[in-house]
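**Q** Shown below is the structure under consideration.
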Amino acid sequence: MADMCITLDEVVGYFDDLEDPRFTVNLQHPLVSVVVIALMAVLAGAGGPTAIARWAALKAEFLLRVLKLPNGIPRKDVFRRVLALLKPDAFQACFVNWLQSLRAKAAAASGVEQPIFAVDGKTARRSHDRRKGLGALHSVSVWASDFGLSLGQVACAEKSNEITAIPELLRLVDIKGAIITIDAMGTQKAIAEQIIANEADYVLALKGNQETLHQAVIDYIDEQSENDFADVKARRYVTKETGHGRDETRSYIQMPVPDTLAELELWKGLNSIGVVVSVCVRDGKETVEMRYYISSLPVRVKQFARAVRGHWGIENSCHWSLDVTYREDESRIRDKHMRENFAWLNRLTLSLLKQHPGRDSIVMKRRSCGWNHDFLLEVLTGATP
């Protein structure tokens with residue numbers, strides 16, 4: 001246990017520069033210890049300040065051994081006050097070095113040279129408070145699909161505000177060398193330019209919000225498909241999946257961007273366009289879906305396919321876990337700062353659980369954090385037995 005405590009000191013160190021928002025009279029418990037207890041409790045299954053305080057009280061002997069707690073275990077009001085007073089941007093900023101370390105380890109272990117960073121929004125549907133005029137929390141986050149890491153989040157009023165939140169989010173995260181994937185809402189000229197300026201690449205979905213470009217891409221691909229793309233240097237990659245009562249075939253087709261494409265000069269770094277044709281057969285019924293993309297990547301269709309699939313990972317690996325395992329969609333936390341800070345704690349702890357090499361499910365790993373101190377410290381510190 002001694003070695004684990006030394007490693008825990010490194011975790012504590014990430015919070016040394018976090019400014020204490022409390023009044024001097026309320027400083028009975030060190031801010032760092034309060035934050036680390038909250039982090040541990042969320043790993044163990046807590047979903048609010050009451051649950052954090054209850055977990056801490058039950059784990060008092062353990063916590064007094066591994067953290068500085070001169071006045072004993074904090075009560076519920078301490079956790080509530082700290083998480084409500086901490087400004088979300090300052091709280092998130094203290095995790096930057098930790099996330100960089102986790103990202104470097106994951107990159108070394110996976111061997112991935114150009115990771116996929118999926119940018120997407122999520123709404124905590126029950127976090128609204130109509131009496132106070134507070135809408136449901138909608139946040140945009142960056143999910144490193146190859147690593148299972150949440151690298152940052154920015155809250156915005158609603159989905160339509162993602163256009164202003166995404167540039168702010170991309171400033172928080174080191175995106176150099178990554179492939180940034182964004183749904184159609186974030187397909188904006190300024191965002192594409194920002195990505196290129198930060199030495200990253202993009203794969204951006206097209207829909208009606210970029211009507212002229214969207215239609216131009218559709219028309220060009222339709223025209224070239226008439227003779228099976230014989231006149232362009234197109235590349236095709238096909239995957240087939242069977243399961244859950246359906247058979248799905250996906251055809252990824254990528255080609256160089258034509259010099260005559262409408263608005264080409266307005267999109268910084270635009271090199272290729274692509275389409276994904278999904279043919280799904282379920283119960284004898286066939287459905288066909290076509291999705292169009294613009295990209296700064298050269299024509300390497302398997303890389304294009306990896307980026308598109310990697311973007312879907314934020315829904316399957318991140319948002320699904322947050323809703324099913326963390327019950328985030330059911331959260332009734334309605335304090336503006338506290339709900340943002342909890343959303344970040346959920347994403348960070350999910351990332352930590354995914355980094356642990358054990359083969360158990362996220363649900364079982366989270367339960368194990370609540371049952372066993374050593375396992376909790378393994379997950380928190382990245383140590384392995």
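Note on naming: chains are A, B, ... as they come in the structure tokens, residues start from 1 per chain, ligands start from 1 in the order shown.
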So which residues touch Leu376 of chain A within 9 Å, counting only C-alpha atoms, skipping near sequence neighbours fewer than 4 positions away, as a PyMOL selection string?

**A** chain A and resi 40+43-44+365-366+368-372+380-381

**Q** How would the residues just chosen look if you wrote them out with C-alpha atoms as a PDB file, in the first residue's frame?

**A**
ATOM      1  CA  MET A  40     -12.709   8.579  -6.098  1.00  0.00           C
ATOM      2  CA  LEU A  43     -15.221   6.208  -9.808  1.00  0.00           C
ATOM      3  CA  ALA A  44     -16.948   4.065  -7.184  1.00  0.00           C
ATOM      4  CA  LYS A 365     -14.852  -2.066 -12.924  1.00  0.00           C
ATOM      5  CA  ARG A 366     -16.842   0.747 -11.342  1.00  0.00           C
ATOM      6  CA  SER A 368     -14.905  -2.990  -8.053  1.00  0.00           C
ATOM      7  CA  CYS A 369     -13.685   0.553  -7.321  1.00  0.00           C
ATOM      8  CA  GLY A 370     -16.364   0.747  -4.627  1.00  0.00           C
ATOM      9  CA  TRP A 371     -15.551  -2.692  -3.227  1.00  0.00           C
ATOM     10  CA  ASN A 372     -11.752  -2.726  -3.168  1.00  0.00           C
ATOM     11  CA  LEU A 380      -6.919   6.208 -10.308  1.00  0.00           C
ATOM     12  CA  THR A 381      -3.143   6.072 -10.682  1.00  0.00           C
TER      13      THR A 381
END

**Q** With distances taken over only C-alpha atoms, which residue among A:Leu350, A:Leu102, A:Ala216, A:Ile294 lies nearest Leu261 of chain A?

**A**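 Using only C-alpha atoms, the shortest distance to Leu261 of chain A belongs to A:Ala216.
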
**Q** Please report the interatomic distance between atom CA of His337 of chain A and atom CA of Leu83 of chain A in Å with one decimal.

**A**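 One can read the atom CA of His337 of chain A to atom CA of Leu83 of chain A distance as 7.1 Å.
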
**Q** Rank A:Gly186, A:Pro258, A:Gly177, A:Pro357 by their smallest atom-to-atom distance to Glu113 of chain A, using only C-alpha atoms, and report the top residue only.

**A**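 The answer is A:Gly177, which sits nearest to Glu113 of chain A.
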
**Q** Report the distance between atom CA of Lys76 of chain A and atom CA of Leu63 of chain A in Å, rounded to one decimal place.

**A** 15.5 Å

**Q** Would you mind listing what lies within 12 Å of Val32 of chain A as a list in words, with only C-alpha atoms counted and same-chain residues fewer than 5 positions away left out?

**A**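 Counting only C-alpha atoms, the residues come to Leu8, Asp9, Glu10, Val11, Val12, Gly13, Tyr14, Phe15, Asp16, Asp17, Leu18, Glu19, Asp20, Pro21, Leu27, Ile37, Ala38, Leu39, Leu67, Lys68, Leu69, Phe79, Val82, Phe91 and Cys94 of chain A.
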
**Q** Can you work out which one of A:Tyr293, A:Lys122, A:Gln355, A:Ala165 has the shortest atom-to-atom distance to Ala307 of chain A, counting only C-alpha atoms?

**A**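 So, comparing all the options, the nearest one is A:Tyr293.
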
**Q** If you measure from atom CA of Pro298 of chain A to atom CA of Gly313 of chain A, what distance in Å do you get, rounded to one decimal?

**A**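 Separating atom CA of Pro298 of chain A from atom CA of Gly313 of chain A is a distance of 22.5 Å.
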
**Q** Between A:Arg250, A:Lys105, A:His373, A:Lys268, which is the closest to Val288 of chain A once you count only C-alpha atoms?

**A**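 That would be A:Arg250, the residue with the smallest distance to Val288 of chain A.
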